[in-house]
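Only one structure is covered here, and it is reproduced in the block below.
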Amino acid sequence: MKYVLAALLFLSVSSIAQLAPSPLNSQATNGAFFLNIDDSARIFVNGVEAHYNKKAGKYQSKEVALKPGDHIVVQLKNDLGTRYFMMAFLSTDKKTVVSFNRTAFKPLPVTVVSFDRPASEPIPTNLAKDFTDEDFAKISKYAKADTSRKRDTSIPFKHTSEYIWGESDECALACVLTSQMFMPAHP
């Protein structure tokens with residue numbers, strides 16, 4: 001019996017140690033988002049706008065600080081024709097990369113957003129700026145991968161991000177950053 005309890009205690013401590021964020025990622029990392037978008041994207045980090053573009057193209061956001069647990073919301077809008085979105089983050093010191101694939105993002109339903117609007121008036125999805133961890137956990141779908149677009153060099157550093165989109169031409173995608181997403185940059 002002693003050995004069984006000792007083994008369970010060891011496994012419990014080992015599991016807890018694996019869940020703790022690594023010291024490298026326990027503090028915020030400064031850097032910028034790099035994205036390729038058709039047509040427009042608005043990016044929020046913990047409800048604060050970090051980037052906005054009105055036209056299709058390649059963009060770099062202003063400097064932002066990211067850490068595990070942060071919430072990212074990307075509001076996407078397609079006006080005409082094709083639609084695509086790919087984003088990665090590079091630290092200012094060029095030592096850390098965060099890649100975003102389809103399973104990093106979940107489509108945000110409008111029910112998780114509350115604004116000062118009459119209850120009878122629907123809330124447009126593209127107004128979503130933040131979400132709760134509980135709401136995120138309830139969403140079972142992931143962003144849609146755009147398999148028609150091949151990886152390219154639109155983002156000027158090595159990453160594993162994918163082209164993705166939501167359910168419609170106007171959508172909001174949500175992501176909770178994990179410590180595993182912060183990877184060493186490769187030259």
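Letters for chains follow the order of the structure tokens (A, B, ...), residue numbers begin at 1 for each chain, and ligand numbers begin at 1 in the order shown.
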
Within 7 Å of Ala143 (chain A) using only C-alpha atoms, minus same-chain residues under 2 positions, as a VMD selection string: chain A and resid 102 to 103 105 to 107 141 145 164 to 166

Residue contacts of Pro184 (chain A) (8 Å, only C-alpha atoms) excluding same-chain residues fewer than 2 positions away, as a PDB file with N, CA and C atoms, in the first residue's frame:
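Generated file (around-v5.pdb):
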ATOM      1  N   LYS A  95      14.094  36.215 -30.995  1.00  0.00           N
ATOM      2  CA  LYS A  95      14.442  34.930 -30.380  1.00  0.00           C
ATOM      3  C   LYS A  95      13.240  34.012 -30.187  1.00  0.00           C
ATOM      4  N   THR A  96      12.023  34.564 -30.286  1.00  0.00           N
ATOM      5  CA  THR A  96      10.814  33.782 -30.011  1.00  0.00           C
ATOM      6  C   THR A  96       9.789  33.976 -31.111  1.00  0.00           C
ATOM      7  N   VAL A  97       9.153  32.870 -31.497  1.00  0.00           N
ATOM      8  CA  VAL A  97       8.095  32.877 -32.515  1.00  0.00           C
ATOM      9  C   VAL A  97       6.850  32.223 -31.931  1.00  0.00           C
ATOM     10  N   PHE A 182       4.987  29.403 -27.570  1.00  0.00           N
ATOM     11  CA  PHE A 182       6.178  30.261 -27.608  1.00  0.00           C
ATOM     12  C   PHE A 182       7.385  29.374 -27.906  1.00  0.00           C
ATOM     13  N   HIS A 186      14.101  30.204 -35.356  1.00  0.00           N
ATOM     14  CA  HIS A 186      15.182  29.561 -36.097  1.00  0.00           C
ATOM     15  C   HIS A 186      15.624  30.491 -37.223  1.00  0.00           C
TER      16      HIS A 186
END

Can you list every residue of region 39-120 of chain A that has an atom at most 10 Å from region 167-177 of chain A, with its nearest atom pair and the distance in Å to one decimal, using only C-alpha atoms, ordered by chain then number, as CSV?
residue,atom,partner,partner_atom,distance
A:Asp39,CA,A:Asp169,CA,9.6
A:Ser40,CA,A:Glu170,CA,9.6
A:Ala41,CA,A:Ala172,CA,9.5
A:Arg42,CA,A:Ala172,CA,9.3
A:Ile43,CA,A:Ala172,CA,9.6
A:Phe44,CA,A:Ala174,CA,9.6
A:Val45,CA,A:Cys175,CA,9.6
A:Asn46,CA,A:Val176,CA,9.7
A:Leu66,CA,A:Leu177,CA,8.2
A:Lys67,CA,A:Leu177,CA,7.0
A:Pro68,CA,A:Leu177,CA,4.9
A:Gly69,CA,A:Leu177,CA,5.2
A:Asp70,CA,A:Leu177,CA,5.4
A:His71,CA,A:Val176,CA,4.8
A:Ile72,CA,A:Cys175,CA,5.1
A:Val73,CA,A:Ala174,CA,4.6
A:Val74,CA,A:Leu173,CA,5.2
A:Gln75,CA,A:Ala172,CA,4.3
A:Leu76,CA,A:Cys171,CA,5.4
A:Lys77,CA,A:Glu170,CA,4.5
A:Asn78,CA,A:Asp169,CA,5.0
A:Asp79,CA,A:Asp169,CA,7.4
A:Leu80,CA,A:Asp169,CA,8.9
A:Gly81,CA,A:Asp169,CA,9.9
A:Thr82,CA,A:Asp169,CA,9.6
A:Arg83,CA,A:Asp169,CA,7.6
A:Val98,CA,A:Leu177,CA,9.0
A:Phe100,CA,A:Cys175,CA,8.8
A:Arg102,CA,A:Leu173,CA,9.9
A:Thr103,CA,A:Cys175,CA,8.9
A:Ala104,CA,A:Cys175,CA,5.7
A:Phe105,CA,A:Cys175,CA,4.7
A:Lys106,CA,A:Ala174,CA,5.2
A:Pro107,CA,A:Leu173,CA,4.5
A:Leu108,CA,A:Leu173,CA,5.5
A:Pro109,CA,A:Ala172,CA,8.0
A:Val110,CA,A:Ala172,CA,8.9

What would the file look like if the residues just selected were written as a compact mmCIF listing (two decimals), in the first residue's frame with C-alpha atoms?
# COMPACT_ATOMS: atom_id res chain seq x y z
CA ASP A 39 -9.42 41.83 -46.96
CA SER A 40 -9.35 43.32 -43.46
CA ALA A 41 -8.35 42.25 -39.96
CA ARG A 42 -8.63 43.78 -36.53
CA ILE A 43 -6.60 42.09 -33.76
CA PHE A 44 -7.32 42.45 -30.05
CA VAL A 45 -5.11 41.21 -27.20
CA ASN A 46 -7.08 40.93 -23.96
CA LEU A 66 2.23 38.52 -25.17
CA LYS A 67 2.29 35.88 -22.46
CA PRO A 68 0.64 32.51 -21.87
CA GLY A 69 -3.01 32.91 -20.93
CA ASP A 70 -3.55 36.01 -23.06
CA HIS A 71 -6.70 36.15 -25.17
CA ILE A 72 -6.47 37.04 -28.85
CA VAL A 73 -9.50 37.94 -30.95
CA VAL A 74 -9.15 38.45 -34.68
CA GLN A 75 -12.07 40.09 -36.46
CA LEU A 76 -11.98 39.20 -40.15
CA LYS A 77 -13.89 40.73 -43.03
CA ASN A 78 -13.91 39.77 -46.69
CA ASP A 79 -15.40 42.29 -49.12
CA LEU A 80 -15.16 40.51 -52.47
CA GLY A 81 -13.60 37.42 -54.00
CA THR A 82 -11.08 35.29 -52.16
CA ARG A 83 -10.57 35.40 -48.44
CA VAL A 98 4.41 32.14 -31.96
CA PHE A 100 -1.07 30.11 -35.25
CA ARG A 102 -6.34 26.28 -37.32
CA THR A 103 -6.53 24.49 -33.95
CA ALA A 104 -5.20 27.57 -32.13
CA PHE A 105 -8.33 29.51 -33.11
CA LYS A 106 -12.00 28.85 -32.47
CA PRO A 107 -14.87 30.76 -34.11
CA LEU A 108 -16.49 33.11 -31.60
CA PRO A 109 -20.27 32.91 -31.42
CA VAL A 110 -22.04 36.21 -30.84

Residue nearest Val64 (chain A) - candidates A:Phe131, A:Phe89, A:Tyr84, A:Tyr52, atoms counted: only C-alpha atoms: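 Smallest separation from Val64 (chain A) among the options: A:Phe89.
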
Given only C-alpha atoms as the counted atoms, nearest of A:Ser148, A:Thr153, A:Asn53, A:Asn36 to Phe85 (chain A):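 When distances to Phe85 (chain A) are compared using only C-alpha atoms, the smallest one comes from A:Asn36.
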
Polymer residues at most 10 Å from Lys94 (chain A), only C-alpha atoms, same-chain spacing of 6 or more positions, as a list in words: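 In the requested form, the answer reads Asn30, Gly31, Phe157, Pro184, Ala185, His186 and Pro187 of chain A.
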